[in-house]
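Colleague: Handing over structure.cif, mmCIF, C-alpha atoms.
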```cif
data_final
loop_
_atom_site.label_atom_id
_atom_site.label_comp_id
_atom_site.auth_asym_id
_atom_site.auth_seq_id
_atom_site.Cartn_x
_atom_site.Cartn_y
_atom_site.Cartn_z
CA MET A 26 73.44 47.53 11.37
CA LYS A 27 75.91 46.80 8.63
CA HIS A 28 78.80 44.59 9.54
CA ILE A 29 82.24 45.98 8.95
CA SER A 30 85.24 43.74 9.32
CA PRO A 31 88.34 45.02 11.10
CA ASN A 32 90.28 44.60 7.85
CA GLN A 33 87.90 46.83 6.00
CA VAL A 34 88.23 49.45 8.68
CA ALA A 35 91.97 49.35 8.36
CA ALA A 36 91.84 49.63 4.59
CA GLU A 37 89.14 52.22 4.29
CA SER A 38 89.51 54.25 7.42
CA PRO A 39 89.43 57.91 6.46
CA VAL A 40 92.28 58.46 8.89
CA ARG A 41 94.75 55.97 7.46
CA ALA A 42 94.17 56.25 3.73
CA PRO A 43 95.06 59.97 3.44
CA THR A 44 98.14 59.31 5.52
CA ARG A 45 99.34 56.84 2.96
CA ARG A 46 98.48 59.23 0.18
CA ALA A 47 100.24 61.98 2.01
CA LEU A 48 103.28 59.79 2.38
CA ALA A 49 103.31 58.96 -1.32
CA LYS A 50 102.87 62.64 -2.11
CA GLN A 51 105.73 63.49 0.17
CA GLN A 52 107.96 60.96 -1.57
CA THR A 53 107.02 62.33 -4.97
CA ARG A 54 107.80 65.85 -3.81
CA ALA A 55 111.15 64.73 -2.41
CA LYS A 56 112.02 63.02 -5.69
CA VAL A 57 111.14 66.10 -7.73
CA LEU A 58 113.07 68.38 -5.38
CA ALA A 59 116.17 66.17 -5.60
CA ALA A 60 115.99 66.17 -9.41
CA ALA A 61 115.42 69.93 -9.48
CA ARG A 62 118.37 70.56 -7.17
CA LYS A 63 120.58 68.51 -9.49
CA LEU A 64 119.43 70.30 -12.64
CA PHE A 65 119.59 73.82 -11.18
CA SER A 66 123.16 73.01 -10.15
CA GLU A 67 124.09 71.69 -13.58
CA GLU A 68 122.17 74.02 -15.89
CA GLY A 69 121.47 77.12 -13.84
CA TYR A 70 117.99 78.45 -13.15
CA GLU A 71 117.17 79.52 -16.71
CA GLY A 72 118.74 76.43 -18.25
CA ALA A 73 116.79 73.90 -16.17
CA THR A 74 113.34 73.13 -17.60
CA ILE A 75 110.38 71.47 -15.86
CA ARG A 76 110.47 68.85 -18.61
CA ASP A 77 114.08 67.93 -17.80
CA ILE A 78 113.39 67.96 -14.08
CA ALA A 79 110.41 65.62 -14.56
CA ALA A 80 112.48 63.30 -16.73
CA ALA A 81 115.30 63.22 -14.18
CA ALA A 82 112.77 62.40 -11.44
CA GLY A 83 111.30 59.66 -13.63
CA MET A 84 107.82 61.17 -13.86
CA SER A 85 105.59 63.18 -16.15
CA THR A 86 105.54 66.97 -16.22
CA GLY A 87 101.91 66.64 -15.10
CA ALA A 88 103.01 64.89 -11.93
CA VAL A 89 105.47 67.71 -11.26
CA PHE A 90 102.78 70.34 -11.72
CA ALA A 91 100.47 68.41 -9.41
CA ASN A 92 102.96 69.10 -6.65
CA PHE A 93 104.49 72.45 -7.54
CA THR A 94 103.01 75.55 -9.15
CA ASP A 95 105.99 76.30 -11.36
CA LYS A 96 109.77 76.37 -11.58
CA SER A 97 110.07 79.34 -9.23
CA ASP A 98 108.05 77.41 -6.65
CA LEU A 99 110.54 74.54 -6.86
CA PHE A 100 113.49 76.86 -6.57
CA ARG A 101 111.96 78.64 -3.59
CA GLU A 102 111.39 75.32 -1.77
CA ILE A 103 115.00 74.29 -2.29
CA MET A 104 116.36 77.64 -1.17
CA THR A 105 114.08 77.71 1.86
CA ALA A 106 115.26 74.28 3.02
CA ASP A 107 118.93 75.19 2.49
CA THR A 108 118.80 78.62 4.08
CA GLU A 109 116.92 77.21 7.09
CA ALA A 110 119.70 74.69 7.67
CA LEU A 111 122.32 77.37 7.06
CA LEU A 112 120.70 79.83 9.47
CA ASP A 113 120.81 77.16 12.20
CA SER A 114 124.50 76.58 11.69
CA MET A 115 125.16 80.34 11.54
CA ARG A 116 123.35 80.82 14.87
CA GLU A 117 125.38 78.01 16.39
CA ALA A 118 128.60 79.53 14.96
CA ALA A 119 127.75 82.96 16.39
CA SER A 120 127.22 81.48 19.84
CA ARG A 121 130.78 80.11 19.79
CA GLY A 122 132.26 83.52 18.94
CA ARG A 123 134.53 85.35 21.36
CA GLY A 124 133.74 88.97 20.79
CA VAL A 125 131.91 90.56 17.89
CA GLU A 126 134.69 90.20 15.27
CA ASP A 127 135.17 86.52 15.97
CA ALA A 128 131.43 85.84 16.08
CA LEU A 129 130.89 87.52 12.71
CA LEU A 130 133.85 85.70 11.18
CA LYS A 131 132.42 82.39 12.36
CA VAL A 132 129.05 83.31 10.84
CA PHE A 133 130.70 84.14 7.50
CA MET A 134 132.62 80.85 7.57
CA ALA A 135 129.50 78.84 8.41
CA GLY A 136 128.09 80.13 5.13
CA TYR A 137 131.18 79.41 3.04
CA SER A 138 131.54 75.91 4.51
CA PHE A 139 127.87 75.17 3.93
CA TYR A 140 128.05 76.15 0.27
CA LYS A 141 131.52 74.69 -0.36
CA SER A 142 129.96 71.48 -1.71
CA ARG A 143 127.14 73.26 -3.55
CA LEU A 144 128.66 76.28 -5.24
CA PRO A 145 126.84 75.68 -8.55
CA LEU A 146 123.53 76.00 -6.72
CA ALA A 147 124.79 79.17 -5.03
CA ARG A 148 125.68 80.49 -8.49
CA ALA A 149 122.16 79.79 -9.73
CA ALA A 150 120.73 81.51 -6.65
CA PHE A 151 122.84 84.65 -7.18
CA GLY A 152 121.67 84.83 -10.77
CA VAL A 153 118.04 84.61 -9.65
CA SER A 154 118.57 87.12 -6.86
CA TRP A 155 119.40 89.85 -9.38
CA THR A 156 116.37 89.29 -11.60
CA PRO A 157 113.42 91.65 -11.10
CA ASP A 158 111.00 88.85 -10.09
CA GLY A 159 113.30 86.39 -8.36
CA GLY A 160 115.29 88.87 -6.32
CA PRO A 161 112.54 90.10 -3.99
CA VAL A 162 111.29 86.52 -3.49
CA LEU A 163 114.68 85.19 -2.41
CA ARG A 164 115.41 88.17 -0.20
CA SER A 165 112.09 87.90 1.59
CA LEU A 166 112.51 84.22 2.51
CA GLY A 167 112.14 83.79 6.28
CA PRO A 168 115.59 82.33 6.89
CA VAL A 169 117.27 84.98 4.72
CA GLN A 170 115.58 87.67 6.82
CA GLY A 171 116.79 85.66 9.81
CA MET A 172 120.39 86.02 8.61
CA HIS A 173 120.01 89.80 8.40
CA GLU A 174 118.67 89.78 11.94
CA LEU A 175 121.53 87.60 13.12
CA PHE A 176 124.07 90.13 11.82
CA THR A 177 122.19 93.00 13.47
CA GLU A 178 121.88 91.05 16.72
CA GLN A 179 125.65 90.55 16.84
CA LEU A 180 126.23 94.29 16.53
CA ASN A 181 123.56 95.17 19.07
CA LEU A 182 125.02 92.66 21.50
CA ALA A 183 128.45 94.27 21.08
CA ILE A 184 126.93 97.71 21.67
CA GLU A 185 125.24 96.45 24.84
CA ASN A 186 128.39 94.92 26.25
CA GLY A 187 130.42 98.00 25.38
CA GLU A 188 132.57 96.50 22.64
CA LEU A 189 131.11 98.91 20.10
CA ARG A 190 130.04 102.52 20.52
CA GLN A 191 126.43 103.41 21.19
CA GLU A 192 126.09 105.31 17.92
CA ALA A 193 127.51 102.51 15.77
CA GLU A 194 124.92 102.76 12.98
CA ALA A 195 124.11 99.09 13.55
CA LYS A 196 121.53 98.92 10.80
CA LEU A 197 123.67 100.18 7.91
CA ARG A 198 126.76 98.45 9.25
CA SER A 199 125.08 95.06 9.53
CA GLN A 200 123.64 95.48 6.04
CA MET A 201 127.12 96.16 4.71
CA LEU A 202 128.54 93.17 6.58
CA PHE A 203 125.86 90.98 5.04
CA GLU A 204 126.66 92.30 1.56
CA ALA A 205 130.38 91.76 2.15
CA TYR A 206 129.58 88.19 3.21
CA LEU A 207 127.62 87.65 -0.02
CA SER A 208 130.16 89.38 -2.27
CA ASN A 209 132.90 86.88 -1.43
CA PHE A 210 130.89 84.14 -3.09
CA VAL A 211 132.06 85.64 -6.40
CA GLN A 212 135.63 84.62 -5.52
CA ALA A 213 134.45 81.25 -4.24
CA ILE A 214 132.39 80.52 -7.35
CA PHE A 215 134.50 81.98 -10.15
CA GLU A 216 138.03 81.89 -8.79
CA GLY A 217 137.93 78.75 -6.69
CA TRP A 218 139.08 80.42 -3.47
CA SER A 219 139.75 78.02 -0.58
CA LEU A 220 138.04 78.37 2.78
CA GLU A 221 141.34 79.67 4.19
CA ALA A 222 141.53 82.41 1.55
CA LEU A 223 137.90 83.35 2.19
CA GLN A 224 138.54 83.46 5.90
CA ALA A 225 141.53 85.79 5.54
CA ARG A 226 139.46 88.07 3.31
CA ALA A 227 136.45 88.01 5.61
CA ARG A 228 138.56 88.80 8.69
CA ASP A 229 139.92 91.96 7.05
CA GLN A 230 136.52 93.04 5.78
CA ILE A 231 134.94 92.68 9.20
CA ARG A 232 137.79 94.65 10.74
CA ILE A 233 137.39 97.46 8.19
CA LEU A 234 133.62 97.63 8.59
CA LEU A 235 133.78 97.70 12.40
CA ALA A 236 136.73 100.09 12.71
CA GLY A 237 134.63 103.22 13.02
CA ALA A 238 132.31 101.65 15.58
CA ARG A 239 135.06 100.64 18.01
CA ARG A 240 135.23 102.43 21.32
CA GLY A 241 138.04 104.83 22.01
CA MET B 12 144.92 85.19 -61.20
CA LYS B 13 145.62 88.58 -59.78
CA ALA B 14 142.15 89.75 -60.63
CA SER B 15 140.56 86.79 -58.88
CA VAL B 16 142.64 87.38 -55.76
CA SER B 17 141.51 90.96 -55.58
CA THR B 18 137.92 89.86 -56.23
CA ASP B 19 138.23 87.43 -53.34
CA ALA B 20 139.64 90.18 -51.20
CA ARG B 21 136.81 92.48 -52.17
CA ARG B 22 134.28 89.80 -51.39
CA ALA B 23 135.94 89.14 -48.06
CA ALA B 24 135.88 92.85 -47.29
CA ALA B 25 132.21 93.04 -48.25
CA ARG B 26 131.43 90.06 -46.01
CA GLN B 27 133.35 91.72 -43.23
CA SER B 28 131.50 95.00 -43.47
CA GLN B 29 128.19 93.19 -43.69
CA LYS B 30 129.10 91.26 -40.58
CA GLU B 31 129.99 94.51 -38.82
CA ALA B 32 126.66 96.04 -39.88
CA THR B 33 124.79 93.03 -38.47
CA ARG B 34 126.78 93.31 -35.30
CA GLN B 35 125.89 96.97 -34.81
CA LYS B 36 122.21 96.30 -35.56
CA VAL B 37 122.12 93.45 -33.05
CA LEU B 38 123.83 95.53 -30.36
CA ALA B 39 121.44 98.45 -30.84
CA ALA B 40 118.39 96.16 -30.71
CA ALA B 41 119.73 94.33 -27.66
CA ARG B 42 120.42 97.58 -25.82
CA GLU B 43 116.79 98.61 -26.25
CA LEU B 44 115.28 95.26 -25.33
CA PHE B 45 117.47 94.60 -22.28
CA ASP B 46 116.56 98.06 -21.08
CA THR B 47 112.82 97.60 -21.45
CA HIS B 48 112.42 93.87 -20.76
CA GLY B 49 115.49 93.04 -18.70
CA TYR B 50 118.08 90.45 -19.59
CA GLN B 51 115.98 87.38 -18.83
CA GLY B 52 112.94 88.86 -20.53
CA ALA B 53 114.59 89.39 -23.92
CA THR B 54 115.32 86.28 -25.97
CA VAL B 55 117.84 86.05 -28.79
CA ARG B 56 114.87 85.53 -31.12
CA ASP B 57 113.35 88.84 -29.90
CA ILE B 58 116.66 90.59 -30.42
CA ALA B 59 117.02 89.20 -33.95
CA ARG B 60 113.50 90.26 -34.88
CA HIS B 61 113.99 93.73 -33.43
CA ALA B 62 117.27 94.09 -35.32
CA GLY B 63 115.72 92.82 -38.54
CA VAL B 64 118.25 90.00 -38.96
CA ALA B 65 117.97 86.20 -38.91
CA VAL B 66 118.47 84.35 -35.61
CA GLY B 67 121.20 82.37 -37.34
CA SER B 68 123.23 85.45 -38.18
CA VAL B 69 123.04 86.60 -34.55
CA PHE B 70 124.73 83.38 -33.58
CA THR B 71 127.40 83.64 -36.26
CA THR B 72 128.34 87.00 -34.75
CA PHE B 73 127.93 86.32 -31.02
CA ALA B 74 128.48 83.12 -29.05
CA SER B 75 125.56 83.73 -26.67
CA LYS B 76 123.12 86.23 -25.23
CA GLY B 77 125.58 86.73 -22.39
CA GLU B 78 128.21 87.88 -24.84
CA ILE B 79 125.78 90.35 -26.45
CA LEU B 80 125.03 91.87 -23.05
CA SER B 81 128.69 92.02 -22.22
CA GLU B 82 129.37 94.02 -25.42
CA VAL B 83 126.38 96.30 -24.90
CA MET B 84 127.61 97.18 -21.43
CA GLN B 85 131.16 97.62 -22.66
CA SER B 86 130.25 100.17 -25.32
CA ARG B 87 128.02 102.11 -22.91
CA LEU B 88 130.66 102.12 -20.20
CA ASP B 89 133.31 103.48 -22.56
CA GLY B 90 131.39 106.77 -22.43
CA LEU B 91 131.24 106.75 -18.65
CA TYR B 92 134.92 105.96 -18.26
CA GLY B 93 135.80 108.68 -20.73
CA GLU B 94 133.96 111.16 -18.50
CA LEU B 95 135.62 109.83 -15.35
CA ASP B 96 139.08 110.04 -16.94
CA ARG B 97 138.42 113.72 -17.61
CA VAL B 98 137.02 114.49 -14.16
CA MET B 99 138.98 112.36 -11.69
CA PRO B 100 142.42 114.03 -11.98
CA HIS B 101 140.90 117.39 -11.07
CA LEU B 102 138.99 116.30 -7.99
CA ARG B 103 139.98 117.84 -4.67
CA GLY B 104 139.21 116.82 -1.13
CA SER B 105 139.59 113.68 0.93
CA THR B 106 139.70 110.21 -0.58
CA ALA B 107 136.20 109.56 0.75
CA ASP B 108 134.93 112.71 -0.97
CA ARG B 109 136.59 111.80 -4.25
CA LEU B 110 135.04 108.32 -4.06
CA ARG B 111 131.66 109.91 -3.34
CA THR B 112 131.92 112.08 -6.44
CA MET B 113 133.02 109.11 -8.55
CA PHE B 114 130.05 106.98 -7.49
CA ALA B 115 127.64 109.89 -7.83
CA ILE B 116 128.75 110.18 -11.46
CA HIS B 117 127.99 106.46 -11.83
CA PHE B 118 124.49 106.80 -10.40
CA ASN B 119 123.72 109.73 -12.67
CA PHE B 120 124.95 107.80 -15.65
CA GLU B 121 123.05 104.60 -14.89
CA ALA B 122 119.88 106.25 -13.58
CA GLN B 123 118.01 106.00 -16.87
CA HIS B 124 119.10 102.43 -17.48
CA VAL B 125 118.74 100.72 -14.15
CA ARG B 126 117.14 97.61 -15.59
CA LEU B 127 120.01 97.21 -17.99
CA PHE B 128 122.48 97.60 -15.17
CA LEU B 129 120.67 95.03 -13.03
CA SER B 130 120.63 92.70 -16.06
CA HIS B 131 124.35 93.08 -16.22
CA ILE B 132 124.74 91.93 -12.63
CA ALA B 133 122.28 89.03 -13.04
CA ALA B 134 124.18 87.89 -16.11
CA ALA B 135 127.38 87.62 -14.09
CA TYR B 136 125.98 84.28 -12.98
CA ASP B 137 124.61 83.24 -16.35
CA TRP B 138 125.64 79.79 -17.53
CA THR B 139 125.99 80.86 -21.16
CA LEU B 140 128.44 83.64 -20.39
CA PRO B 141 131.83 82.92 -21.96
CA PRO B 142 134.75 82.89 -19.51
CA ALA B 143 136.32 85.83 -21.35
CA ALA B 144 133.31 88.10 -20.76
CA ARG B 145 133.72 90.48 -17.84
CA PRO B 146 130.47 90.77 -15.95
CA TYR B 147 129.93 93.24 -13.14
CA GLY B 148 132.27 92.80 -10.23
CA ARG B 149 135.06 91.94 -12.57
CA THR B 150 134.88 95.11 -14.68
CA PRO B 151 138.56 95.98 -14.59
CA ARG B 152 138.21 99.66 -15.49
CA LEU B 153 135.98 100.58 -12.54
CA GLN B 154 138.30 98.68 -10.23
CA GLU B 155 141.29 100.55 -11.68
CA ILE B 156 139.63 103.91 -11.13
CA ILE B 157 138.93 103.07 -7.48
CA HIS B 158 142.48 101.77 -7.08
CA GLU B 159 143.92 105.03 -8.45
CA CYS B 160 141.71 106.99 -6.08
CA LEU B 161 142.94 104.97 -3.09
CA HIS B 162 146.58 105.15 -4.21
CA LYS B 163 146.36 108.91 -4.30
CA GLY B 164 144.91 108.68 -0.78
CA VAL B 165 147.90 106.65 0.39
CA GLU B 166 150.25 109.30 -1.08
CA GLU B 167 148.31 112.14 0.51
CA GLY B 168 148.16 110.33 3.84
CA ASP B 169 144.45 109.72 4.39
CA VAL B 170 144.54 106.03 3.46
CA CYS B 171 146.45 103.63 5.70
CA ARG B 172 149.68 102.45 4.04
CA GLU B 173 149.20 98.89 5.26
CA ALA B 174 145.62 98.63 3.99
CA ASN B 175 144.91 95.90 1.44
CA LEU B 176 143.54 98.10 -1.33
CA GLN B 177 141.93 95.25 -3.28
CA GLU B 178 139.80 94.42 -0.22
CA ILE B 179 138.65 98.02 0.02
CA VAL B 180 137.86 98.05 -3.70
CA ASP B 181 135.75 94.90 -3.28
CA LEU B 182 133.90 96.35 -0.28
CA LEU B 183 133.09 99.48 -2.27
CA MET B 184 131.91 97.39 -5.22
CA ALA B 185 129.69 95.28 -2.94
CA ALA B 186 128.21 98.42 -1.38
CA TYR B 187 127.63 99.94 -4.81
CA ALA B 188 125.88 96.84 -6.15
CA TRP B 189 123.66 96.55 -3.08
CA THR B 190 122.64 100.18 -3.39
CA TYR B 191 121.16 99.36 -6.80
CA ARG B 192 118.85 96.84 -5.20
CA LEU B 193 117.15 99.76 -3.47
CA VAL B 194 115.89 100.88 -6.87
CA VAL B 195 113.94 97.65 -7.16
CA THR B 196 112.95 97.12 -3.54
CA ARG B 197 112.24 100.73 -2.55
CA SER B 198 112.13 102.67 -5.84
CA TYR B 199 114.98 104.94 -4.77
CA ASP B 200 115.87 107.79 -7.11
CA THR B 201 119.38 108.95 -7.99
CA ASN B 202 119.62 111.35 -5.05
CA ALA B 203 118.52 108.74 -2.54
CA LEU B 204 121.00 106.22 -3.96
CA THR B 205 123.82 108.74 -3.82
CA GLU B 206 122.97 109.58 -0.22
CA VAL B 207 123.06 105.92 0.88
CA MET B 208 126.32 105.35 -0.99
CA ASP B 209 127.85 108.45 0.65
CA ARG B 210 127.12 107.01 4.09
CA GLN B 211 128.57 103.64 3.14
CA ILE B 212 131.74 105.24 1.80
CA GLY B 213 132.07 107.17 5.07
CA LEU B 214 131.81 103.95 7.01
CA ILE B 215 134.40 102.15 4.86
CA ALA B 216 136.68 105.21 5.09
CA GLU B 217 136.71 104.85 8.89
CA GLY B 218 138.23 101.44 8.25
CA PHE B 219 141.01 102.58 5.91
CA ARG B 220 142.03 105.72 7.78
CA PRO B 221 145.67 105.66 9.02
CA ARG B 222 145.90 104.93 12.74
#
```
Go ahead and express the file in the form of structure tokens.
Modeller:
Amino acid sequence: MKHISPNQVAAESPVRAPTRRALAKQQTRAKVLAAARKLFSEEGYEGATIRDIAAAAGMSTGAVFANFTDKSDLFREIMTADTEALLDSMREAASRGRGVEDALLKVFMAGYSFYKSRLPLARAAFGVSWTPDGGPVLRSLGPVQGMHELFTEQLNLAIENGELRQEAEAKLRSQMLFEAYLSNFVQAIFEGWSLEALQARARDQIRILLAGARRG
Amino acid sequence: MKASVSTDARRAAARQSQKEATRQKVLAAARELFDTHGYQGATVRDIARHAGVAVGSVFTTFASKGEILSEVMQSRLDGLYGELDRVMPHLRGSTADRLRTMFAIHFNFEAQHVRLFLSHIAAAYDWTLPPAARPYGRTPRLQEIIHECLHKGVEEGDVCREANLQEIVDLLMAAYAWTYRLVVTRSYDTNALTEVMDRQIGLIAEGFRPR
């Protein structure tokens, strides 16, 4: 029987070595993602190149490609992480709402507050969302679908508790609410609207879009 | 001296008309390429080649690709707005119905050029777009037409006097833009788009009705 020292086991154990590698890989990925986030925010999606992202992360383009398939892969990762965090805070906001109008307003505001400090990234994302390839990818992200569902849930809840009529066309109405929520980013991005201004706008929009579904 | 001044003037005029010719060639080439390849898919180099001019002379005429797109859309939309100016004053019916007709005219007009239209929206977020360019959502003429439609509604009593008309305009624009996504995601045709838009207008109209 071959003697193996405890040190050797520690160093060569098939369990520990990959863990360390995985950790290093994770750190590399995090570094690339941070650099990519910065460049997408500064240059837009089209303007940011893998070469620049690699340089900003202090590594070769090869090292970037070892971790990500392409630029769209990087962008998708960033958007997934952000929209997951946003969906959580939207859910929390909805749970604090008193009635359907208030709940929806809080959901809208959760979004505007979240993106307040990262409007350039939001701008890049809107650009991508209207391109033939990027649009379907962004819209099909799990958390983005989750947001749609959250809007629909709020309407269905209001129908159940009698706040809204039974035949409230919840599907179309929640779609329109979601689009109204998104459309206000134009004012936030290009006209520098404050959260207060966005809130006043959102409150009116929600009122208009729910008017026909009110009881009585 | 006089002769040389007039020679200079003639030269300047010749330069000017050459510049205008380049401009028209670039716009025609860009219109075709944006339509077939989309905005992101067509580079300035492609546009220059298609127009038969040097890349350099594209950039002496236009500041960026975004500006080219902006001009292409502008010249196309002039035709649409001309048609709307003729039609709108004669429309009868409720405000919702007049809005429905107005958007149906839009869908018919854009139907053959959906990619170009989508390019226009995508470019609204483009970094190279000059601040003076008016991408979708800030096209003042469409907003004016909707405003006029709503004003008439206020006068005729089917739009609430206290309603914030700009908010209604923005809701209609958001609904209209979203409807176009259905072309990409579900391959909707003009009739299907019009039908969805009609329902959305009905829903918004419930919100601006006098109470």
Colleague: Can you tell me, as a PDB file with C-alpha atoms, keeping the file's coordinate frame, what residues are no more than 10 Å from B:Val98 when counting all atoms listed in the file, ignoring any on the same chain fewer than 4 positions away?
Modeller:
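Saved the output as part36.pdb:
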```
ATOM      1  CA  TYR B  92     134.920 105.960 -18.260  1.00  0.00           C
ATOM      2  CA  GLY B  93     135.800 108.680 -20.730  1.00  0.00           C
ATOM      3  CA  GLU B  94     133.960 111.160 -18.500  1.00  0.00           C
ATOM      4  CA  LEU B 102     138.990 116.300  -7.990  1.00  0.00           C
ATOM      5  CA  THR B 112     131.920 112.080  -6.440  1.00  0.00           C
ATOM      6  CA  MET B 113     133.020 109.110  -8.550  1.00  0.00           C
ATOM      7  CA  ILE B 116     128.750 110.180 -11.460  1.00  0.00           C
TER       8      ILE B 116
END
```
Colleague: Here's the selection I'm unsure about, the PyMOL selection byres ((chain B) within 6 of (chain A)); applied to the file above, which residues does it give, as a PDB file with C-alpha atoms, in the coordinates of the input?
Modeller:
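Contents of selection.pdb, as written:
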```
ATOM      1  CA  ALA B 133     122.280  89.030 -13.040  1.00  0.00           C
ATOM      2  CA  TYR B 136     125.980  84.280 -12.980  1.00  0.00           C
ATOM      3  CA  ALA B 185     129.690  95.280  -2.940  1.00  0.00           C
ATOM      4  CA  ILE B 215     134.400 102.150   4.860  1.00  0.00           C
ATOM      5  CA  GLU B 217     136.710 104.850   8.890  1.00  0.00           C
ATOM      6  CA  GLY B 218     138.230 101.440   8.250  1.00  0.00           C
TER       7      GLY B 218
END
```
Colleague: What lies within 12 Å of B:Lys163 using all atoms listed in the file, ignoring chain neighbours under 3 positions off, as a PyMOL selection string?
Modeller: chain B and resi 99-100+102-107+109-110+156-160+166-172+176
Colleague: Could you state which residues are captured by the PyMOL selection byres ((chain A and resi 240) around 7) in this file, as a ChimeraX atom specification?
Modeller: /A:188-190,238-239,241
Colleague: For a quick check of understanding, using only C-alpha atoms, which of A:Thr177, A:Leu144, A:Met172, A:Glu185 has the smallest distance to A:Gln212?
Modeller: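 Among A:Thr177, A:Leu144, A:Met172, A:Glu185, it is A:Leu144 that comes nearest to A:Gln212.
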Colleague: Between B:Leu127, B:Leu95, B:Met184, B:Ala115, which has the minimum distance to B:Ser81 (counting only C-alpha atoms)?
Modeller: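 Of all the options, B:Leu127 lies closest to B:Ser81.
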Colleague: Can you work out the spacing between atom CA of B:Ala39 and atom CA of B:Ile58 in Å, to one decimal?
Modeller: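 Going from atom CA of B:Ala39 over to atom CA of B:Ile58 covers 9.2 Å.
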